[in-house]
$ cat upload.txt   # compact mmCIF, C-alpha atoms and all ligand atoms
# COMPACT_ATOMS: atom_id res chain seq x y z
CA MET M 1 87.25 71.85 -45.72
CA LYS M 2 85.73 75.02 -47.17
CA ILE M 3 81.99 75.51 -47.62
CA PHE M 4 80.12 78.46 -49.08
CA ASN M 5 77.87 79.78 -46.31
CA SER M 6 74.73 81.48 -47.67
CA LEU M 7 74.40 83.29 -44.35
CA THR M 8 77.66 85.22 -44.73
CA GLY M 9 77.90 85.02 -48.54
CA LYS M 10 81.44 83.67 -48.20
CA LYS M 11 83.37 80.45 -48.58
CA GLU M 12 84.43 79.60 -45.04
CA THR M 13 86.57 76.99 -43.34
CA PHE M 14 84.11 74.48 -41.95
CA LYS M 15 84.35 74.14 -38.18
CA PRO M 16 81.95 71.54 -36.82
CA LYS M 17 80.58 71.91 -33.29
CA VAL M 18 82.14 68.56 -32.36
CA LYS M 19 85.41 67.51 -33.98
CA ASN M 20 84.95 64.96 -36.78
CA GLN M 21 81.18 65.03 -36.42
CA VAL M 22 78.66 66.86 -38.56
CA SER M 23 74.96 67.52 -37.95
CA ILE M 24 72.92 68.30 -41.07
CA TYR M 25 69.29 69.21 -41.59
CA ILE M 26 67.92 69.36 -45.14
CA CYS M 27 64.39 70.52 -45.94
CA GLY M 28 62.68 67.55 -47.54
CA LEU M 29 59.65 67.07 -49.73
CA THR M 30 55.96 67.81 -49.59
CA PRO M 31 54.53 64.51 -50.82
CA TYR M 32 51.50 65.21 -53.02
CA ASP M 33 52.72 64.16 -56.47
CA ASP M 34 55.55 62.22 -58.15
CA ILE M 35 58.96 63.76 -57.57
CA HIS M 36 60.57 65.62 -60.47
CA ILE M 37 64.11 66.17 -61.67
CA GLY M 38 64.40 69.46 -59.75
CA HIS M 39 63.99 67.43 -56.55
CA ALA M 40 66.44 64.86 -57.92
CA ARG M 41 69.06 67.57 -58.34
CA THR M 42 68.73 68.90 -54.79
CA PHE M 43 68.70 65.54 -53.06
CA ILE M 44 71.47 63.99 -55.19
CA ASN M 45 73.65 67.02 -54.40
CA PHE M 46 73.07 66.66 -50.67
CA ASP M 47 73.49 62.88 -50.92
CA VAL M 48 76.96 63.40 -52.41
CA ILE M 49 77.82 66.00 -49.75
CA VAL M 50 76.82 63.60 -46.96
CA ARG M 51 78.70 60.75 -48.67
CA PHE M 52 81.82 62.90 -48.86
CA PHE M 53 81.68 63.69 -45.14
CA LYS M 54 81.52 59.94 -44.52
CA PHE M 55 84.35 59.33 -47.01
CA THR M 56 86.56 61.66 -44.97
CA LYS M 57 85.60 59.80 -41.77
CA TYR M 58 83.15 62.28 -40.30
CA LYS M 59 80.44 60.86 -38.08
CA VAL M 60 77.29 62.21 -39.75
CA ASN M 61 73.87 62.87 -38.26
CA TYR M 62 71.67 63.63 -41.27
CA VAL M 63 68.04 64.69 -40.83
CA ARG M 64 65.68 65.23 -43.78
CA ASN M 65 62.07 66.04 -42.95
CA ILE M 66 58.81 65.29 -44.72
CA THR M 67 56.14 68.02 -44.90
CA ASP M 68 53.11 65.75 -44.74
CA VAL M 69 50.70 68.52 -43.67
CA ASP M 70 50.33 71.23 -46.29
CA ASP M 71 47.73 73.10 -48.38
CA LYS M 72 48.79 71.31 -51.59
CA ILE M 73 48.33 67.90 -49.94
CA ILE M 74 44.95 68.90 -48.54
CA LEU M 75 43.77 70.10 -51.97
CA ARG M 76 45.00 66.97 -53.76
CA ALA M 77 43.49 64.67 -51.10
CA LYS M 78 40.13 66.40 -51.64
CA GLU M 79 40.39 65.91 -55.40
CA ASP M 80 41.24 62.24 -54.93
CA GLY M 81 38.60 61.75 -52.22
CA ILE M 82 41.04 60.34 -49.64
CA SER M 83 42.37 61.53 -46.29
CA VAL M 84 45.32 63.92 -46.09
CA LEU M 85 47.56 61.40 -44.34
CA ASP M 86 46.59 58.58 -46.74
CA LEU M 87 47.54 60.79 -49.69
CA SER M 88 50.87 61.80 -48.17
CA LYS M 89 51.58 58.17 -47.20
CA LYS M 90 51.08 57.11 -50.81
CA TYR M 91 53.48 59.76 -52.14
CA ILE M 92 56.02 59.15 -49.36
CA GLU M 93 56.21 55.56 -50.61
CA GLU M 94 56.67 56.80 -54.18
CA MET M 95 59.35 59.22 -53.00
CA HIS M 96 61.25 56.46 -51.17
CA HIS M 97 61.04 54.29 -54.27
CA ASP M 98 62.36 57.06 -56.54
CA PHE M 99 65.12 58.09 -54.10
CA SER M 100 66.26 54.51 -53.83
CA SER M 101 66.24 54.15 -57.66
CA LEU M 102 68.46 57.22 -57.80
CA GLY M 103 70.86 55.70 -55.25
CA ILE M 104 70.07 58.39 -52.68
CA GLU M 105 70.94 57.03 -49.24
CA ASP M 106 68.42 57.24 -46.38
CA PRO M 107 68.91 60.01 -43.82
CA ASP M 108 69.48 59.04 -40.17
CA GLN M 109 66.15 60.59 -39.24
CA GLU M 110 63.16 61.39 -41.43
CA PRO M 111 60.67 63.23 -39.19
CA LYS M 112 57.14 64.06 -40.37
CA VAL M 113 55.11 67.10 -39.33
CA SER M 114 52.10 65.00 -38.31
CA ASP M 115 54.26 63.21 -35.70
CA HIS M 116 55.63 66.44 -34.19
CA ILE M 117 52.59 68.60 -33.47
CA ASN M 118 53.46 68.73 -29.73
CA GLU M 119 56.99 70.03 -30.40
CA ILE M 120 55.58 72.60 -32.84
CA ILE M 121 52.94 73.82 -30.38
CA ALA M 122 55.60 74.05 -27.63
CA MET M 123 57.79 76.24 -29.84
CA ILE M 124 54.92 78.56 -30.80
CA LYS M 125 53.98 78.80 -27.10
CA SER M 126 57.55 79.75 -26.25
CA LEU M 127 57.52 82.44 -28.97
CA GLU M 128 54.22 83.76 -27.63
CA ASP M 129 55.54 83.81 -24.04
CA LYS M 130 58.60 85.77 -25.17
CA GLY M 131 56.47 88.28 -27.08
CA TYR M 132 57.38 87.23 -30.64
CA ALA M 133 54.02 85.71 -31.54
CA TYR M 134 50.59 87.25 -31.47
CA THR M 135 47.01 86.64 -32.42
CA LYS M 136 44.17 89.15 -32.88
CA ASN M 137 40.45 88.46 -32.69
CA ASP M 138 40.99 84.67 -32.70
CA SER M 139 42.95 84.97 -35.95
CA ASP M 140 45.83 82.76 -37.04
CA VAL M 141 48.93 83.05 -34.86
CA TYR M 142 51.61 85.22 -36.45
CA PHE M 143 55.32 85.78 -35.95
CA ASP M 144 56.04 89.46 -35.35
CA VAL M 145 58.99 90.20 -37.66
CA GLN M 146 59.44 93.72 -36.26
CA LYS M 147 60.38 92.24 -32.87
CA TYR M 148 63.37 90.43 -34.38
CA ASP M 149 66.13 92.86 -35.37
CA ASP M 150 68.02 90.49 -37.68
CA TYR M 151 65.01 89.57 -39.84
CA GLY M 152 66.20 89.45 -43.48
CA SER M 153 69.85 88.66 -42.68
CA LEU M 154 69.92 85.40 -44.69
CA SER M 155 68.23 86.78 -47.80
CA ASN M 156 69.79 90.25 -47.43
CA ARG M 157 66.48 92.07 -47.42
CA SER M 158 65.42 94.78 -45.04
CA LEU M 159 61.85 94.84 -43.76
CA ASP M 160 61.14 97.91 -45.94
CA GLN M 161 62.21 96.04 -49.04
CA ILE M 162 60.11 93.07 -48.03
CA SER M 163 56.98 95.16 -47.56
CA SER M 164 57.27 96.77 -50.97
CA SER M 165 58.40 93.68 -52.88
CA GLU M 166 55.98 91.12 -51.47
CA ARG M 167 52.54 91.78 -52.85
CA ILE M 168 50.65 90.17 -50.04
CA ILE M 169 47.01 91.06 -49.70
CA LYS M 170 46.88 93.24 -46.63
CA ASP M 171 45.70 91.11 -43.75
CA LEU M 172 44.10 93.33 -41.13
CA ASN M 173 45.08 90.89 -38.40
CA LYS M 174 48.78 91.36 -39.13
CA ASN M 175 51.10 93.97 -37.64
CA HIS M 176 53.38 93.91 -40.67
CA GLU M 177 52.93 92.46 -44.15
CA ALA M 178 55.96 90.22 -43.69
CA ASP M 179 54.55 88.61 -40.52
CA PHE M 180 54.02 84.94 -41.23
CA VAL M 181 51.71 82.27 -39.87
CA LEU M 182 52.83 79.99 -37.05
CA TRP M 183 49.45 78.33 -36.43
CA LYS M 184 46.49 78.34 -38.80
CA THR M 185 43.07 78.27 -37.18
CA ASN M 186 41.79 76.30 -40.12
CA THR M 187 40.18 72.92 -39.68
CA ASP M 188 39.83 72.11 -43.37
CA GLY M 189 41.28 68.70 -44.25
CA ILE M 190 43.27 67.97 -41.09
CA SER M 191 43.60 69.64 -37.67
CA TRP M 192 44.76 69.27 -34.09
CA PRO M 193 43.74 70.97 -30.83
CA SER M 194 46.01 73.77 -29.62
CA PRO M 195 46.01 76.67 -27.10
CA TRP M 196 44.85 78.87 -30.03
CA GLY M 197 42.03 76.58 -31.06
CA GLU M 198 41.72 73.67 -33.45
CA GLY M 199 44.03 74.05 -36.46
CA ARG M 200 47.37 73.15 -38.00
CA PRO M 201 50.92 74.51 -38.12
CA GLY M 202 52.07 77.11 -40.62
CA TRP M 203 54.72 75.80 -43.00
CA HIS M 204 57.95 77.20 -41.55
CA ILE M 205 57.63 76.30 -37.88
CA GLU M 206 57.97 72.54 -38.51
CA CYS M 207 61.61 72.75 -39.61
CA SER M 208 62.67 74.93 -36.67
CA ALA M 209 60.97 72.55 -34.24
CA MET M 210 62.14 69.28 -35.82
CA SER M 211 65.74 70.30 -36.53
CA ILE M 212 66.16 71.40 -32.90
CA LYS M 213 64.55 68.20 -31.62
CA TYR M 214 66.97 65.96 -33.54
CA LEU M 215 70.13 68.07 -33.77
CA GLY M 216 69.96 70.48 -30.82
CA GLU M 217 69.52 74.25 -30.57
CA GLU M 218 72.79 74.81 -32.41
CA PHE M 219 73.97 72.53 -35.19
CA ASP M 220 76.33 72.57 -38.17
CA ILE M 221 74.58 72.66 -41.54
CA HIS M 222 71.09 73.52 -42.70
CA GLY M 223 70.27 73.32 -46.36
CA GLY M 224 67.77 73.04 -49.16
CA GLY M 225 66.99 74.31 -52.64
CA LEU M 226 67.65 77.99 -53.34
CA ASP M 227 63.89 78.62 -53.63
CA LEU M 228 63.65 77.93 -49.87
CA LYS M 229 66.11 80.65 -48.88
CA PHE M 230 63.32 83.22 -48.66
CA PRO M 231 60.93 83.14 -46.97
CA HIS M 232 61.20 79.58 -45.60
CA HIS M 233 64.75 79.60 -44.24
CA GLU M 234 64.62 83.26 -43.23
CA ASN M 235 61.53 82.44 -41.16
CA GLU M 236 63.06 79.29 -39.72
CA ILE M 237 66.01 81.32 -38.42
CA ALA M 238 63.73 83.96 -36.92
CA GLN M 239 61.58 81.38 -35.11
CA ALA M 240 64.46 79.26 -33.84
CA LYS M 241 66.66 82.12 -32.67
CA CYS M 242 63.82 83.92 -30.93
CA ALA M 243 62.53 80.76 -29.24
CA THR M 244 65.92 79.55 -28.00
CA GLN M 245 68.10 82.72 -27.96
CA LYS M 246 70.79 80.48 -29.50
CA ASN M 247 72.47 80.62 -32.91
CA PHE M 248 70.61 77.76 -34.65
CA ALA M 249 72.50 76.44 -37.75
CA SER M 250 75.97 77.88 -38.38
CA THR M 251 76.31 77.05 -42.10
CA TRP M 252 73.50 77.45 -44.63
CA MET M 253 73.79 75.66 -47.98
CA HIS M 254 71.58 76.11 -51.03
CA THR M 255 71.50 74.14 -54.26
CA GLY M 256 71.06 76.11 -57.49
CA PRO M 257 67.93 76.11 -59.65
CA LEU M 258 67.15 73.74 -62.51
CA ARG M 259 65.75 74.81 -65.87
CA ILE M 260 64.54 72.72 -68.79
CA GLU M 261 66.26 73.65 -72.06
CA ASP M 262 66.62 77.15 -70.55
CA GLU M 263 62.98 77.46 -69.53
CA LYS M 264 61.62 77.28 -66.02
CA MET M 265 60.09 73.88 -65.27
CA SER M 266 56.39 74.17 -64.59
CA LYS M 267 53.23 72.20 -65.06
CA SER M 268 51.73 74.97 -67.20
CA LEU M 269 54.66 74.90 -69.66
CA LYS M 270 54.15 71.13 -69.91
CA ASN M 271 57.90 70.61 -69.44
CA PHE M 272 57.53 68.96 -66.06
CA ILE M 273 59.75 65.86 -66.00
CA THR M 274 59.32 63.26 -63.29
CA VAL M 275 62.12 61.05 -62.00
CA LYS M 276 60.18 58.00 -63.18
CA GLU M 277 60.07 59.35 -66.76
CA ILE M 278 63.76 60.13 -66.91
CA LEU M 279 64.70 56.74 -65.44
CA ASN M 280 62.85 55.02 -68.28
CA LYS M 281 65.45 56.48 -70.60
CA PHE M 282 68.62 56.94 -68.59
CA HIS M 283 70.47 54.85 -66.03
CA PRO M 284 70.18 56.44 -62.55
CA GLU M 285 73.96 56.89 -62.40
CA VAL M 286 73.86 58.85 -65.68
CA VAL M 287 71.29 61.19 -64.11
CA ARG M 288 73.49 61.49 -61.00
CA LEU M 289 76.63 62.19 -63.01
CA PHE M 290 74.75 64.76 -65.11
CA PHE M 291 74.02 66.72 -61.94
CA LEU M 292 77.56 66.32 -60.58
CA LEU M 293 79.04 67.83 -63.74
CA THR M 294 77.66 71.18 -62.55
CA HIS M 295 78.64 72.69 -59.20
CA TYR M 296 75.82 72.30 -56.68
CA ARG M 297 75.36 76.08 -56.29
CA ASN M 298 75.21 76.86 -60.02
CA PRO M 299 72.06 76.89 -62.13
CA ILE M 300 71.71 73.80 -64.29
CA SER M 301 69.95 73.48 -67.61
CA TYR M 302 68.42 70.07 -68.12
CA SER M 303 68.69 68.73 -71.66
CA ASN M 304 68.94 65.41 -73.46
CA ASP M 305 72.32 66.51 -74.81
CA GLY M 306 73.55 67.07 -71.28
CA LEU M 307 72.34 63.62 -70.25
CA SER M 308 73.95 62.03 -73.32
CA ASN M 309 77.23 63.75 -72.50
CA ALA M 310 77.08 62.36 -68.95
CA LYS M 311 76.36 58.92 -70.38
CA LYS M 312 79.44 59.10 -72.61
CA ILE M 313 81.64 59.92 -69.63
CA LEU M 314 80.18 57.17 -67.48
CA ASP M 315 80.33 54.66 -70.38
CA ARG M 316 84.07 55.26 -70.50
CA PHE M 317 84.50 54.28 -66.83
CA TYR M 318 82.35 51.19 -67.20
CA LEU M 319 84.11 50.21 -70.43
CA ALA M 320 87.57 50.59 -68.92
CA PHE M 321 86.65 48.32 -66.04
CA ASN M 322 84.83 45.89 -68.29
CA LYS M 323 87.65 45.49 -70.80
CA LYS M 324 90.29 44.79 -68.20
CA ASN M 325 89.45 41.73 -66.21
CA ILE M 326 90.72 43.17 -62.95
CA SER M 327 91.17 41.10 -59.83
CA LYS M 328 89.02 41.94 -56.83
CA GLU M 329 92.08 42.85 -54.75
CA PHE M 330 92.88 46.48 -55.28
CA SER M 331 95.68 48.54 -53.91
CA GLU M 332 95.23 52.25 -53.38
CA ASP M 333 96.69 55.22 -55.16
CA ASN M 334 97.02 57.84 -52.44
CA SER M 335 97.84 60.66 -54.83
CA LEU M 336 94.53 60.20 -56.65
CA ILE M 337 92.60 60.16 -53.38
CA LYS M 338 94.43 63.30 -52.27
CA ASP M 339 93.61 65.16 -55.52
CA TYR M 340 89.99 64.08 -55.29
CA GLU M 341 89.67 65.17 -51.66
CA LEU M 342 91.28 68.53 -52.44
CA ALA M 343 88.66 69.24 -55.12
CA MET M 344 85.79 68.15 -52.90
CA LYS M 345 87.09 70.02 -49.85
CA ASP M 346 86.78 73.20 -51.90
CA ASP M 347 83.01 73.62 -51.44
CA PHE M 348 82.27 70.17 -52.90
CA ASN M 349 83.63 70.93 -56.35
CA THR M 350 82.25 67.84 -58.10
CA PRO M 351 82.91 69.08 -61.69
CA LYS M 352 86.59 69.41 -60.83
CA ALA M 353 86.60 66.02 -59.09
CA ILE M 354 85.09 64.33 -62.16
CA LYS M 355 87.70 65.99 -64.41
CA ILE M 356 90.45 64.54 -62.20
CA LEU M 357 88.89 61.07 -62.54
CA GLN M 358 88.53 61.47 -66.32
CA SER M 359 92.16 62.38 -66.81
CA TYR M 360 93.18 59.52 -64.48
CA ILE M 361 91.26 56.96 -66.53
CA GLY M 362 92.73 58.49 -69.68
CA ASN M 363 96.19 57.68 -68.37
CA LEU M 364 95.18 54.20 -67.24
CA GLU M 365 93.77 53.37 -70.65
CA LYS M 366 97.23 53.88 -72.09
CA THR M 367 99.07 51.80 -69.51
CA SER M 368 99.91 48.11 -69.40
CA ASP M 369 98.20 45.52 -67.23
CA ASP M 370 100.83 46.04 -64.52
CA ASN M 371 98.98 49.10 -63.34
CA LEU M 372 95.57 47.51 -63.04
CA ASN M 373 95.68 47.82 -59.28
CA LYS M 374 95.32 51.55 -59.70
CA PHE M 375 91.71 50.98 -60.66
CA GLY M 376 91.08 50.27 -56.98
CA SER M 377 91.22 53.88 -55.84
CA LEU M 378 89.22 54.99 -58.82
CA LYS M 379 86.49 52.50 -58.00
CA LYS M 380 86.49 53.57 -54.35
CA ILE M 381 86.05 57.23 -55.34
CA LEU M 382 83.37 56.55 -57.95
CA ASN M 383 81.48 54.49 -55.37
CA SER M 384 81.73 57.31 -52.83
CA LEU M 385 79.99 59.57 -55.36
CA GLY M 386 77.28 56.93 -55.75
CA LEU M 387 78.66 55.89 -59.17
CA PHE M 388 79.90 52.62 -60.63
CA LYS M 389 77.67 50.56 -58.35
CA ASP M 390 76.12 48.49 -61.14
CA GLU M 391 77.46 45.49 -63.01
CA PRO M 392 78.84 46.70 -66.38
CA GLU M 393 76.59 44.24 -68.21
CA ASN M 394 73.45 45.61 -66.55
CA TYR M 395 74.63 49.16 -66.95
CA PHE M 396 75.00 48.89 -70.72
CA LYS M 397 71.62 47.22 -71.17
CA TYR M 398 69.70 49.72 -69.01
CA GLY M 399 66.56 51.43 -70.25
CA ASP M 400 63.55 50.87 -72.49
CA LEU M 401 64.32 48.83 -75.62
CA ASP M 402 62.59 48.96 -79.02
CA ILE M 403 63.20 45.24 -79.30
CA GLN M 404 62.77 42.20 -77.02
CA GLU M 405 65.94 40.84 -75.40
CA ASN M 406 65.34 37.29 -76.70
CA GLU M 407 64.95 38.70 -80.20
CA ILE M 408 68.38 40.34 -79.84
CA GLU M 409 69.87 37.00 -78.76
CA LEU M 410 68.27 35.20 -81.74
CA LEU M 411 69.72 37.80 -84.14
CA ILE M 412 73.16 37.48 -82.52
CA ASN M 413 73.03 33.68 -83.02
CA GLU M 414 71.92 34.12 -86.62
CA ARG M 415 74.77 36.56 -87.20
CA ASN M 416 77.30 34.15 -85.66
CA ARG M 417 76.08 31.35 -87.97
CA ALA M 418 76.35 33.70 -90.95
CA ARG M 419 79.91 34.54 -89.98
CA GLU M 420 80.80 30.85 -89.62
CA ASN M 421 79.41 30.33 -93.12
CA LYS M 422 81.48 33.31 -94.31
CA ASP M 423 78.24 35.11 -95.26
CA PHE M 424 79.59 38.47 -94.15
CA GLY M 425 76.91 40.37 -96.08
CA LEU M 426 74.17 38.82 -93.93
CA ALA M 427 76.24 39.31 -90.74
CA ASP M 428 76.63 43.00 -91.52
CA ASP M 429 72.91 43.35 -92.31
CA ILE M 430 72.03 41.95 -88.89
CA ARG M 431 74.44 44.32 -87.18
CA THR M 432 72.90 47.26 -89.10
CA LYS M 433 69.39 46.10 -88.27
CA LEU M 434 70.21 46.00 -84.56
CA LYS M 435 71.96 49.34 -84.72
CA ALA M 436 68.78 50.89 -86.08
CA LYS M 437 67.07 49.65 -82.90
CA GLY M 438 69.74 51.29 -80.74
CA ILE M 439 71.65 48.06 -80.07
CA VAL M 440 75.41 47.89 -80.56
CA LEU M 441 77.28 44.59 -80.85
CA GLU M 442 80.76 43.97 -79.56
CA ASP M 443 82.76 40.89 -80.44
CA LEU M 444 84.92 39.85 -77.48
CA GLU M 445 87.11 36.72 -77.30
CA GLY M 446 84.74 34.36 -79.08
CA LYS M 447 81.63 35.91 -77.55
CA THR M 448 79.33 38.63 -78.84
CA VAL M 449 77.77 40.96 -76.32
CA TRP M 450 75.24 43.72 -76.87
CA LYS M 451 74.62 47.05 -75.26
CA LYS M 452 72.38 50.06 -75.77
CA SER M 453 73.95 52.75 -77.89
ZN ZN K 501 62.25 73.39 -44.06

$ encode --input "upload.txt" --output "structure tokens"
Amino acid sequence: MKIFNSLTGKKETFKPKVKNQVSIYICGLTPYDDIHIGHARTFINFDVIVRFFKFTKYKVNYVRNITDVDDKIILRAKEDGISVLDLSKKYIEEMHHDFSSLGIEDPDQEPKVSDHINEIIAMIKSLEDKGYAYTKNDSDVYFDVQKYDDYGSLSNRSLDQISSSERIIKDLNKNHEADFVLWKTNTDGISWPSPWGEGRPGWHIECSAMSIKYLGEEFDIHGGGLDLKFPHHENEIAQAKCATQKNFASTWMHTGPLRIEDEKMSKSLKNFITVKEILNKFHPEVVRLFFLLTHYRNPISYSNDGLSNAKKILDRFYLAFNKKNISKEFSEDNSLIKDYELAMKDDFNTPKAIKILQSYIGNLEKTSDDNLNKFGSLKKILNSLGLFKDEPENYFKYGDLDIQENEIELLINERNRARENKDFGLADDIRTKLKAKGIVLEDLEGKTVWKKS
């Protein structure tokens, strides 16, 4: 298997620490608002990566943290007049709900910052003892980037570049502008006692401390969205390597950015789309397939056209299975599985994998019923991507309707009576009327079924 390693900038043969086992840490969410489609992209991509490891019989240990102590949470909790942990609890529940709607599987561990303050303090203490952390005049505790020679190796920036490019207000307590906070001596909102006074952790230290706790000082894959590469992941590497003198994660993976109709998504541009909003319109598997049609490292432009295209592709799979009344016993087509695995083993090339499945179904559509067993491997692969998990009937009816379901049924009955009475004009009118509401009728062996167009 080959994976692009952000640390070396190269596609490399993946060599896990333990044969057939993989340890993965992905930076999770800061729960202070509903999750948006940018989050959906990142976590669907990593979900598919983890699923593929399992598909190829790896034993996976997948850790995804929750940053439940953070300035944004503290600010929002103040606005809402509730405690920091109550606010994060509320949005953690929302996040779990949205992830489950999107078919994102649970990680093996989901550690929260607020439960790991001791581990965080121990790591900062170890950095201080080794001379990598300092504090002046009871200030915050900082990491001293000049003490760590390899600082900037992940993001390919030298310390000189960092000082001139980062317009940080000069903090007189810092040795270097790029020094970052390990412990904030700030008691606003939420705080814990520490050797440096009451306060809370800086952002980056949590992931170094929690990944090491659950996966060890050296593990296989660390990942997240590209926006985390600098400074978050750069700082994580610095902290972990200096505290343990070990190599930390060997492969770093980053998912590409998401834009909305070629604009950056932001609250100020009012183009901020939540997962809940998009799931009102599109089936979760359509959203998933939309993301898988772009390679996980490439930028993706979110658009309704893109979603509709994904729906067309997925419709075709559901239709093919729906039309052929296939038995539950499937045999496997090893050549399809081999082609699929080859595509995915090349840095998780999902667009290529989907193309293989599309051309396979194209061939199956032309074949006789004798080959129905071949659907078995196709179903197995689609399922391993988190697709084709729904009943076709539910799939085609998914989403908000402009018309009540019982009204649709009444119109179908009326149309059937009209057809019995050879009043084809009326039957056609009813079909047209439903079509205007986004409902398409299909006449199958004496039964009429409807689906959303
Ligand atoms: Zn992190």

$ residues_near_ligand --input "upload.txt" --ligand "ligand ZN 501 (chain K)" --cutoff "10 Å" --atoms "all atoms listed in the file" --output "VMD selection string"
chain M and resid 25 to 29 64 to 67 203 to 211 222 to 225 228 to 229 232 to 233 235 to 236

$ atom_distance --input "upload.txt" --atom1 "CA of Ile104 in chain M" --atom2 "CA of Val50 in chain M"
10.3 Å

$ residues_around --input "upload.txt" --residues "Gly446 in chain M" --least-positions-apart "6" --cutoff "12 Å" --atoms "all atoms listed in the file" --output "ChimeraX atom specification"
/M:416,419-420

$ residues_around --input "upload.txt" --residues "Phe290 in chain M" --least-positions-apart "3" --cutoff "10 Å" --atoms "only C-alpha atoms" --output "MDAnalysis selection string"
chainID M and resid 41 284:287 293:294 300 302:303 306:311 313:314 351

$ write_last_selection --input "upload.txt" --atoms "C-alpha atoms" --output "compact mmCIF listing (two decimals), in the coordinates of the input"
# COMPACT_ATOMS: atom_id res chain seq x y z
CA ARG M 41 69.06 67.57 -58.34
CA PRO M 284 70.18 56.44 -62.55
CA GLU M 285 73.96 56.89 -62.40
CA VAL M 286 73.86 58.85 -65.68
CA VAL M 287 71.29 61.19 -64.11
CA LEU M 293 79.04 67.83 -63.74
CA THR M 294 77.66 71.18 -62.55
CA ILE M 300 71.71 73.80 -64.29
CA TYR M 302 68.42 70.07 -68.12
CA SER M 303 68.69 68.73 -71.66
CA GLY M 306 73.55 67.07 -71.28
CA LEU M 307 72.34 63.62 -70.25
CA SER M 308 73.95 62.03 -73.32
CA ASN M 309 77.23 63.75 -72.50
CA ALA M 310 77.08 62.36 -68.95
CA LYS M 311 76.36 58.92 -70.38
CA ILE M 313 81.64 59.92 -69.63
CA LEU M 314 80.18 57.17 -67.48
CA PRO M 351 82.91 69.08 -61.69

$ closest_residue --input "upload.txt" --among "M:Thr432, M:Thr350, M:Thr251, M:Thr8" --to "Leu289 in chain M" --atoms "only C-alpha atoms"
M:Thr350

$ residues_around --input "upload.txt" --residues "range 387-391 of chain M" --least-positions-apart "6" --cutoff "10 Å" --atoms "all atoms listed in the file" --output "VMD selection string"
chain M and resid 103 283 to 286 288 to 289 314 to 315 317 to 318 321 to 322 378 to 381

$ atom_distance --input "upload.txt" --atom1 "CA of Lys452 in chain M" --atom2 "CA of Val440 in chain M"
6.1 Å

$ atom_distance --input "upload.txt" --atom1 "CA of Asp347 in chain M" --atom2 "CA of Phe99 in chain M"
23.8 Å

$ residues_around --input "upload.txt" --residues "Glu217 in chain M" --least-positions-apart "6" --cutoff "9 Å" --atoms "only C-alpha atoms" --output "MDAnalysis selection string"
chainID M and resid 211 240:241 244:249

$ residues_around --input "upload.txt" --residues "Phe272 in chain M" --least-positions-apart "4" --cutoff "10 Å" --atoms "only C-alpha atoms" --output "list in words"
His36, Ile37, Gly38, Ile260, Lys264, Met265, Ser266, Lys267, Ser268 and Glu277 of chain M

$ write_last_selection --input "upload.txt" --atoms "C-alpha atoms" --output "PDB file, in the coordinates of the input"
ATOM      1  CA  HIS M  36      60.570  65.620 -60.470  1.00  0.00           C
ATOM      2  CA  ILE M  37      64.110  66.170 -61.670  1.00  0.00           C
ATOM      3  CA  GLY M  38      64.400  69.460 -59.750  1.00  0.00           C
ATOM      4  CA  ILE M 260      64.540  72.720 -68.790  1.00  0.00           C
ATOM      5  CA  LYS M 264      61.620  77.280 -66.020  1.00  0.00           C
ATOM      6  CA  MET M 265      60.090  73.880 -65.270  1.00  0.00           C
ATOM      7  CA  SER M 266      56.390  74.170 -64.590  1.00  0.00           C
ATOM      8  CA  LYS M 267      53.230  72.200 -65.060  1.00  0.00           C
ATOM      9  CA  SER M 268      51.730  74.970 -67.200  1.00  0.00           C
ATOM     10  CA  GLU M 277      60.070  59.350 -66.760  1.00  0.00           C
TER      11      GLU M 277
END

$ closest_residue --input "upload.txt" --among "M:Leu385, M:Ile273, M:Leu7, M:Leu410" --to "Asp47 in chain M" --atoms "only C-alpha atoms"
M:Leu385

$ decode --input "upload.txt" --residues "range 297-312 of chain M" --atoms "C-alpha atoms" --output "PDB file, in the first residue's frame"
ATOM      1  CA  ARG M 297      -5.765  15.394  -0.924  1.00  0.00           C
ATOM      2  CA  ASN M 298      -7.240  17.563  -3.691  1.00  0.00           C
ATOM      3  CA  PRO M 299      -9.240  20.736  -3.149  1.00  0.00           C
ATOM      4  CA  ILE M 300     -12.962  20.217  -3.628  1.00  0.00           C
ATOM      5  CA  SER M 301     -15.529  22.735  -4.758  1.00  0.00           C
ATOM      6  CA  TYR M 302     -18.920  22.167  -3.215  1.00  0.00           C
ATOM      7  CA  SER M 303     -21.847  22.783  -5.548  1.00  0.00           C
ATOM      8  CA  ASN M 304     -25.387  21.556  -6.096  1.00  0.00           C
ATOM      9  CA  ASP M 305     -24.331  20.363  -9.552  1.00  0.00           C
ATOM     10  CA  GLY M 306     -21.604  18.255  -7.989  1.00  0.00           C
ATOM     11  CA  LEU M 307     -24.098  16.749  -5.542  1.00  0.00           C
ATOM     12  CA  SER M 308     -26.588  16.068  -8.348  1.00  0.00           C
ATOM     13  CA  ASN M 309     -23.882  14.342 -10.355  1.00  0.00           C
ATOM     14  CA  ALA M 310     -23.056  12.121  -7.362  1.00  0.00           C
ATOM     15  CA  LYS M 311     -26.764  11.351  -6.993  1.00  0.00           C
ATOM     16  CA  LYS M 312     -26.991  10.252 -10.629  1.00  0.00           C
TER      17      LYS M 312
END
